[in-house]
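Trainee: So I've got this file, target-v3.cif, and it contains mmCIF, C-alpha atoms:
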```cif
data_final
loop_
_atom_site.label_atom_id
_atom_site.label_comp_id
_atom_site.auth_asym_id
_atom_site.auth_seq_id
_atom_site.Cartn_x
_atom_site.Cartn_y
_atom_site.Cartn_z
CA MET A 20 -47.45 72.09 -25.48
CA THR A 21 -46.39 70.44 -22.22
CA ASN A 22 -45.22 72.85 -19.54
CA PRO A 23 -41.76 71.57 -18.43
CA ALA A 24 -42.00 73.15 -14.98
CA ALA A 25 -45.42 71.55 -14.41
CA VAL A 26 -44.04 68.12 -15.35
CA LEU A 27 -41.20 68.51 -12.88
CA ASP A 28 -43.59 69.75 -10.20
CA ARG A 29 -45.59 66.54 -10.55
CA VAL A 30 -42.42 64.46 -10.22
CA VAL A 31 -41.46 66.36 -7.06
CA THR A 32 -44.96 65.87 -5.64
CA ASP A 33 -44.83 62.13 -6.29
CA LEU A 34 -41.39 61.86 -4.68
CA ASP A 35 -42.57 63.83 -1.66
CA GLN A 36 -45.40 61.36 -1.20
CA LEU A 37 -43.01 58.43 -1.57
CA LEU A 38 -40.51 59.78 0.94
CA GLY A 39 -43.15 60.98 3.37
CA ALA A 40 -44.84 57.59 3.61
CA ASP A 41 -41.70 55.71 4.74
CA ALA A 42 -42.34 53.32 1.87
CA LEU A 43 -38.63 52.62 1.50
CA MET A 44 -38.27 51.25 5.01
CA SER A 45 -39.98 47.94 4.32
CA LEU A 46 -38.31 47.07 1.01
CA THR A 47 -36.44 43.84 0.47
CA ASP A 48 -32.88 44.00 -0.85
CA ALA A 49 -34.10 42.96 -4.28
CA GLU A 50 -36.66 45.77 -4.25
CA ARG A 51 -34.02 48.25 -3.13
CA ARG A 52 -31.87 47.35 -6.11
CA VAL A 53 -34.81 47.95 -8.42
CA VAL A 54 -35.45 51.32 -6.75
CA LEU A 55 -31.80 52.33 -7.12
CA SER A 56 -31.84 51.39 -10.80
CA ALA A 57 -35.02 53.40 -11.38
CA ALA A 58 -33.56 56.31 -9.41
CA GLY A 59 -30.52 56.21 -11.67
CA ASP A 60 -32.77 56.41 -14.73
CA ALA A 61 -34.57 59.38 -13.19
CA LEU A 62 -31.33 61.08 -12.13
CA ARG A 63 -29.85 60.94 -15.63
CA ARG A 64 -32.99 62.48 -17.07
CA VAL A 65 -33.05 65.24 -14.46
CA GLU A 66 -29.44 66.00 -15.30
CA ALA A 67 -30.32 66.03 -19.00
CA THR A 68 -33.14 68.49 -18.27
CA ILE A 69 -30.71 70.83 -16.50
CA ILE A 70 -28.06 70.55 -19.21
CA GLU A 71 -30.49 71.05 -22.09
CA THR A 72 -32.07 74.04 -20.31
CA VAL A 73 -28.62 75.61 -19.93
CA ALA A 74 -27.57 74.71 -23.48
CA THR A 75 -30.64 76.27 -25.09
CA GLY A 76 -30.57 79.48 -23.05
CA ASP A 77 -28.69 82.69 -23.75
CA PRO A 78 -25.53 82.64 -21.61
CA VAL A 79 -25.89 86.36 -20.85
CA ASP A 80 -29.62 87.06 -20.71
CA LEU A 81 -30.50 83.89 -18.77
CA PRO A 82 -28.45 84.71 -15.63
CA ASN A 83 -28.77 88.49 -15.90
CA GLY A 84 -32.56 88.23 -15.84
CA ALA A 85 -32.27 86.68 -12.37
CA GLY A 86 -29.72 89.17 -11.13
CA CYS A 87 -26.81 86.74 -11.49
CA ARG A 88 -23.43 87.49 -12.98
CA ASN A 89 -23.19 84.25 -14.98
CA VAL A 90 -24.80 80.86 -15.53
CA ASN A 91 -22.66 79.25 -12.84
CA GLU A 92 -24.04 81.62 -10.20
CA LEU A 93 -27.59 81.06 -11.47
CA LEU A 94 -27.21 77.29 -11.13
CA GLN A 95 -25.74 77.63 -7.65
CA ARG A 96 -28.86 79.53 -6.56
CA THR A 97 -31.50 77.48 -8.35
CA LEU A 98 -30.01 73.98 -7.90
CA ARG A 99 -28.46 74.68 -4.48
CA VAL A 100 -25.10 73.27 -5.53
CA ASP A 101 -21.60 74.64 -5.07
CA SER A 102 -19.55 76.32 -7.79
CA ARG A 103 -17.88 73.07 -8.79
CA GLY A 104 -21.19 71.27 -9.18
CA ALA A 105 -22.61 74.13 -11.22
CA ALA A 106 -19.50 74.19 -13.43
CA ARG A 107 -20.14 70.57 -14.47
CA PHE A 108 -23.53 71.50 -15.87
CA VAL A 109 -22.17 74.62 -17.57
CA LYS A 110 -19.44 72.57 -19.23
CA ALA A 111 -21.88 69.86 -20.29
CA GLY A 112 -24.19 72.53 -21.71
CA LYS A 113 -21.40 73.73 -23.99
CA VAL A 114 -20.83 70.18 -25.22
CA VAL A 115 -24.44 69.74 -26.40
CA HIS A 116 -25.13 73.38 -27.35
CA ARG A 117 -26.73 73.97 -30.76
CA ASP A 118 -26.06 77.19 -32.65
CA ALA A 119 -28.80 78.79 -34.72
CA GLU A 120 -28.63 79.07 -38.51
CA LEU A 121 -28.06 82.74 -39.36
CA THR A 122 -30.77 83.15 -42.00
CA SER A 123 -33.54 80.78 -40.89
CA GLY A 124 -32.89 80.75 -37.16
CA GLU A 125 -33.23 76.96 -37.10
CA SER A 126 -31.09 75.00 -34.67
CA LEU A 127 -27.97 73.42 -36.12
CA PRO A 128 -26.70 70.00 -34.97
CA ALA A 129 -25.05 69.93 -31.56
CA ARG A 130 -21.30 69.87 -31.22
CA TRP A 131 -21.66 66.21 -30.18
CA PRO A 132 -25.03 65.18 -31.69
CA ALA A 133 -24.92 61.45 -30.91
CA LEU A 134 -23.86 62.01 -27.32
CA ARG A 135 -26.55 64.64 -26.92
CA ARG A 136 -29.09 62.08 -28.13
CA ALA A 137 -27.71 59.49 -25.70
CA MET A 138 -28.00 62.03 -22.89
CA LEU A 139 -31.61 62.87 -23.76
CA ASP A 140 -32.42 59.15 -23.94
CA GLY A 141 -31.05 58.63 -20.43
CA ALA A 142 -28.16 56.40 -21.52
CA VAL A 143 -25.48 58.85 -20.39
CA GLY A 144 -25.29 61.11 -17.35
CA THR A 145 -23.28 64.27 -16.80
CA ASP A 146 -20.12 62.47 -15.69
CA GLY A 147 -20.20 60.13 -18.66
CA LEU A 148 -20.84 62.98 -21.08
CA LEU A 149 -17.88 64.97 -19.79
CA ALA A 150 -15.59 61.94 -19.55
CA ALA A 151 -16.30 60.91 -23.15
CA THR A 152 -15.76 64.38 -24.60
CA GLY A 153 -13.12 65.76 -22.23
CA PRO A 154 -9.94 64.42 -23.89
CA ILE A 155 -10.96 65.71 -27.32
CA GLU A 156 -12.37 69.02 -26.07
CA SER A 157 -9.12 69.69 -24.19
CA ALA A 158 -7.18 69.20 -27.42
CA GLY A 159 -8.92 72.25 -28.87
CA ASP A 160 -8.20 73.00 -32.53
CA ARG A 161 -5.66 70.19 -32.76
CA ILE A 162 -8.58 67.85 -33.51
CA GLY A 163 -10.85 68.89 -36.35
CA ALA A 164 -14.61 68.63 -36.65
CA ALA A 165 -14.44 65.56 -38.89
CA ASP A 166 -12.46 63.55 -36.34
CA ARG A 167 -14.72 64.79 -33.54
CA TRP A 168 -17.78 63.56 -35.42
CA LYS A 169 -16.11 60.17 -35.89
CA ALA A 170 -15.56 60.00 -32.13
CA ASP A 171 -19.20 60.92 -31.64
CA ASP A 172 -20.33 57.69 -33.35
CA GLY A 173 -23.38 56.82 -31.24
CA PRO A 174 -22.94 53.29 -29.87
CA VAL A 175 -19.18 53.68 -29.35
CA SER A 176 -19.28 57.02 -27.60
CA ALA A 177 -22.17 56.00 -25.37
CA ALA A 178 -20.20 52.91 -24.31
CA VAL A 179 -17.12 55.04 -23.71
CA ALA A 180 -19.14 57.43 -21.60
CA ARG A 181 -20.55 54.65 -19.44
CA HIS A 182 -17.05 53.13 -19.22
CA THR A 183 -15.18 56.23 -18.12
CA GLY A 184 -17.71 58.30 -16.18
CA CYS A 185 -17.11 58.27 -12.42
CA THR A 186 -17.35 60.42 -9.33
CA GLY A 187 -14.66 61.22 -6.82
CA ALA A 188 -13.52 61.16 -3.19
CA ILE A 189 -10.17 61.07 -1.38
CA GLN A 190 -8.63 57.59 -1.23
CA ARG A 191 -5.30 56.31 0.04
CA VAL A 192 -3.63 53.61 -2.02
CA PHE A 193 -1.30 51.01 -0.51
CA THR A 194 0.90 48.77 -2.63
CA GLU A 195 2.88 45.62 -2.05
CA GLN A 196 5.88 44.96 -4.32
CA GLY A 197 4.41 47.28 -6.92
CA ARG A 198 1.03 45.60 -6.92
CA ILE A 199 -2.06 47.52 -5.80
CA VAL A 200 -4.15 46.09 -3.00
CA GLY A 201 -7.23 45.19 -5.02
CA MET A 202 -10.40 47.25 -4.97
CA THR A 203 -13.20 45.53 -6.88
CA VAL A 204 -16.72 46.60 -7.78
CA THR A 205 -19.44 44.71 -9.62
CA ASP A 206 -20.19 47.55 -12.04
CA ARG A 207 -18.38 47.84 -15.40
CA ILE A 208 -17.22 51.39 -14.65
CA PHE A 209 -13.95 51.89 -12.77
CA ASN A 210 -14.62 54.18 -9.83
CA VAL A 211 -12.44 57.11 -8.88
CA HIS A 212 -10.54 55.16 -6.22
CA GLN A 213 -9.56 52.47 -8.69
CA ARG A 214 -8.64 55.03 -11.35
CA ARG A 215 -6.33 56.84 -8.92
CA ALA A 216 -4.74 53.58 -7.83
CA ILE A 217 -4.10 52.51 -11.42
CA THR A 218 -2.76 55.99 -12.20
CA LEU A 219 -0.37 55.72 -9.27
CA ARG A 220 0.88 52.34 -10.48
CA ASP A 221 1.21 52.91 -14.24
CA LYS A 222 1.82 56.67 -14.46
CA GLU A 223 1.05 56.97 -18.22
CA CYS A 224 -0.59 55.28 -21.19
CA LEU A 225 0.61 51.68 -21.20
CA ILE A 226 1.66 51.68 -24.87
CA PRO A 227 5.45 52.22 -25.09
CA GLY A 228 6.43 55.65 -26.33
CA CYS A 229 3.09 57.25 -25.46
CA HIS A 230 3.55 60.00 -22.89
CA VAL A 231 -0.12 60.75 -22.15
CA PRO A 232 -0.43 60.89 -18.33
CA ALA A 233 -2.55 58.15 -16.82
CA SER A 234 -4.80 60.79 -15.24
CA TRP A 235 -5.85 61.80 -18.75
CA CYS A 236 -6.35 58.21 -19.93
CA GLU A 237 -9.32 55.89 -20.06
CA ILE A 238 -9.14 52.72 -17.97
CA HIS A 239 -9.26 49.60 -20.12
CA HIS A 240 -10.52 46.20 -18.97
CA VAL A 241 -7.65 43.82 -19.85
CA THR A 242 -10.16 40.95 -19.85
CA GLU A 243 -13.27 42.54 -21.28
CA HIS A 244 -16.18 43.00 -18.91
CA SER A 245 -18.46 41.29 -21.42
CA HIS A 246 -16.18 38.24 -21.22
CA GLY A 247 -16.37 38.05 -17.44
CA GLY A 248 -13.48 40.35 -16.62
CA PRO A 249 -13.82 42.05 -13.23
CA THR A 250 -13.77 45.80 -12.70
CA SER A 251 -10.74 45.70 -10.45
CA THR A 252 -7.28 47.21 -10.26
CA ASP A 253 -5.86 43.81 -11.24
CA ASN A 254 -7.76 44.02 -14.52
CA GLY A 255 -7.43 47.69 -15.43
CA VAL A 256 -4.73 49.64 -17.27
CA PRO A 257 -4.60 53.24 -18.54
CA LEU A 258 -4.79 53.80 -22.29
CA CYS A 259 -5.00 57.16 -24.01
CA TRP A 260 -8.03 57.87 -26.16
CA TRP A 261 -6.33 56.83 -29.40
CA HIS A 262 -4.65 53.66 -28.17
CA HIS A 263 -7.87 52.57 -26.44
CA ARG A 264 -9.85 52.98 -29.66
CA SER A 265 -7.23 51.33 -31.87
CA LEU A 266 -6.24 48.46 -29.57
CA VAL A 267 -8.27 45.81 -31.38
CA PHE A 268 -6.51 46.37 -34.71
CA SER A 269 -3.15 47.91 -33.76
CA GLY A 270 -1.35 44.68 -32.90
CA TRP A 271 -0.72 45.60 -29.26
CA GLU A 272 -1.73 43.02 -26.64
CA ILE A 273 -2.05 43.42 -22.88
CA ARG A 274 -2.28 40.90 -20.08
CA MET A 275 -1.99 40.98 -16.28
CA HIS A 276 0.59 38.88 -14.41
CA ASP A 277 0.37 38.80 -10.61
CA GLY A 278 -1.50 42.10 -10.63
CA LEU A 279 0.99 43.88 -12.89
CA PRO A 280 0.47 44.65 -16.59
CA GLU A 281 2.53 43.11 -19.37
CA ILE A 282 2.47 44.13 -23.00
CA ARG A 283 3.27 42.44 -26.31
CA GLY A 284 3.81 44.63 -29.33
CA PRO A 285 3.23 44.21 -33.07
CA ALA A 286 5.96 42.74 -35.28
CA TRP A 287 7.30 46.13 -36.34
CA TRP A 288 8.01 46.91 -32.67
CA ASP A 289 9.14 43.46 -31.49
CA PRO A 290 9.79 40.81 -34.14
CA LEU A 291 10.18 38.19 -31.36
CA HIS A 292 6.72 38.98 -30.03
CA HIS A 293 7.72 38.65 -26.35
CA TRP A 294 5.64 39.69 -23.37
CA ARG A 295 7.34 42.59 -21.59
CA THR A 296 6.81 44.67 -18.48
CA PRO A 297 6.18 48.26 -19.60
CA ARG A 298 8.83 50.82 -18.71
CA LEU A 299 8.06 54.47 -18.16
CA SER A 300 8.80 56.67 -21.15
CA LEU A 301 9.52 59.54 -18.78
CA PRO A 302 11.39 59.60 -15.44
CA ASP A 303 9.39 59.29 -12.23
CA PHE A 304 9.86 62.97 -11.30
CA ALA A 305 7.90 63.96 -14.40
CA PHE A 306 4.73 62.60 -12.78
CA THR A 307 5.14 64.25 -9.37
#
```
Reformat the file's structure so that it appears as structure tokens.
Mentor:
Amino acid sequence: MTNPAAVLDRVVTDLDQLLGADALMSLTDAERRVVLSAAGDALRRVEATIIETVATGDPVDLPNGAGCRNVNELLQRTLRVDSRGAARFVKAGKVVHRDAELTSGESLPARWPALRRAMLDGAVGTDGLLAATGPIESAGDRIGAADRWKADDGPVSAAVARHTGCTGAIQRVFTEQGRIVGMTVTDRIFNVHQRRAITLRDKECLIPGCHVPASWCEIHHVTEHSHGGPTSTDNGVPLCWWHHRSLVFSGWEIRMHDGLPEIRGPAWWDPLHHWRTPRLSLPDFAFT
């Protein structure tokens, strides 16, 4: 059986040689992009190693054996991250944790089996894993196991994870006549700055009558990325988990006009089928 620590030691040794030789200094821009892509592949697998190690360990014995009060403290010491960084891995470990069958001791399927597989395959990182599962996990018992397993459908959930996962920093947003000053990236994933700007503009899920705050929503490409739509604030709107999933068959349509979203509802909502500017379902003070 392969020793996991030995495998990681070899990876560290190879990286030390790479970094110590100044090999990155002479790269062309094209080569740098290849290196960044490969580093991303490696990063996701390192994160998966951490998460799976946490998920398969005893939450009491694992930290106590190292003199730590909990898993968070253990990760802070071993990974040299802060409490917030450690908490991400602890939370992700709970998402992919597998209980043991009482009689045989065999591992049962993970809480999110398809997403766990996507994580182990390197398709999804920690941020994507948490972003894809967060809205449903926060709903607790209000969403049953059957619906959770539907949401865990492999190709869809992996795409959702890549679509919604992002990292954060402080960003000021300036607007002009209600329109956000555009912030565009070439990747398909809206970054945290864009998400906050869109949240500031739209406040809640764009579908009329839905009160889900925009900060809880996924950001939808109005013109799909696969059809050439940019990942920009002028092409993104907040949709809650349900309305995002059901958009293609619900009858709701969305378009952007001068940087502001417009919506056209199904016949039962608007028999005239007019394009309309969404109005907040709740007063402005409800979002402050």
Trainee: So how many Å separate atom CA of A:Leu38 and atom CA of A:Ala58, to one decimal?
Mentor: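 Interatomic distance, atom CA of A:Leu38 to atom CA of A:Ala58: 12.9 Å.
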Trainee: Neighbouring residues of stretch 90-103 of chain A were defined as those with any atom within 8 Å, considering all atoms listed in the file; residues of the same chain fewer than 5 positions away were excluded. Please report them as a list in words.
Mentor: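 In the requested form, the answer reads Val73, Pro78, Val79, Leu81, Pro82, Ala85 and Val109 of chain A.
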Trainee: Any idea what's packed within 9 Å of A:Leu139, counting all atoms listed in the file, ignoring anything in its chain fewer than 6 positions away? Could you give it as a ChimeraX atom specification?
Mentor: /A:63-64,67-68,71
Trainee: Kindly indicate which residue among A:Pro257, A:Gly284, A:Gly147, A:Pro232 lies nearest to A:Gln213, using all atoms listed in the file for the distances.
Mentor: A:Pro257
Trainee: So how far away is atom CA of A:Ala129 from atom CA of A:Arg88, in Å?
Mentor: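 Value for the atom CA of A:Arg88-atom CA of A:Ala129 distance: 25.6 Å.
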Trainee: Can you work out which one of A:Val114, A:Leu149, A:Val65, A:Val267 has the shortest atom-to-atom distance to A:Arg135, counting all atoms listed in the file?
Mentor: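 Residue with the minimum atom-to-atom distance to A:Arg135: A:Val114.
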Trainee: Mind giving me the straight-line distance from atom CA of A:Arg295 to atom CA of A:Glu281 in Å, one decimal?
Mentor: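 Distance reported for this atom pair: 5.3 Å.
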Trainee: Using all atoms listed in the file, can you tell me which of A:Trp294, A:Arg274, A:Ala40, A:Ala106 comes closest to A:Gly248?
Mentor: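 Checking each candidate against A:Gly248, we get A:Arg274 as the closest.
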Trainee: Calculated over all atoms listed in the file, which of the candidates A:Ala42, A:Ala49, A:Leu258, A:Val241 has the smallest distance to A:Met275?
Mentor: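 Closest to A:Met275 of all the choices is A:Val241.
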Trainee: Which residue out of A:Ile226, A:Ala286, A:Cys87, A:Val115 has the minimum interatomic distance to A:Ala74 when only C-alpha atoms are used?
Mentor: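 Closest residue, counting only C-alpha atoms: A:Val115.
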Trainee: Counting all atoms listed in the file, which residues have an atom no more than 8 Å from (3.5, 55.7, -13.1) in the file's coordinates? Please list them as an MDAnalysis selection string.
Mentor: chainID A and resid 218:223 233 299 303 306
Trainee: Considering only C-alpha atoms, return as a PyMOL selection string whatever protein or nucleic-acid residues lie within 12 Å of A:Asp289, sequence-local ones (same chain, fewer than 6 positions apart) excluded.
Mentor: chain A and resi 227+270-272+282-283+295
Trainee: Pick from A:Thr72, A:Phe209, A:Asp118, A:Gly84: nearest to A:Pro249, with only C-alpha atoms counted?
Mentor: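 With only C-alpha atoms as the atom set, the closest residue is A:Phe209.
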Trainee: What would the selection look like, as number ranges by chain, if the PyMOL selection byres ((chain A and resi 279) around 10) were run on the coordinates I just shared?
Mentor: A: 196-199, 220-221, 252-256, 274-278, 280-281, 296-297
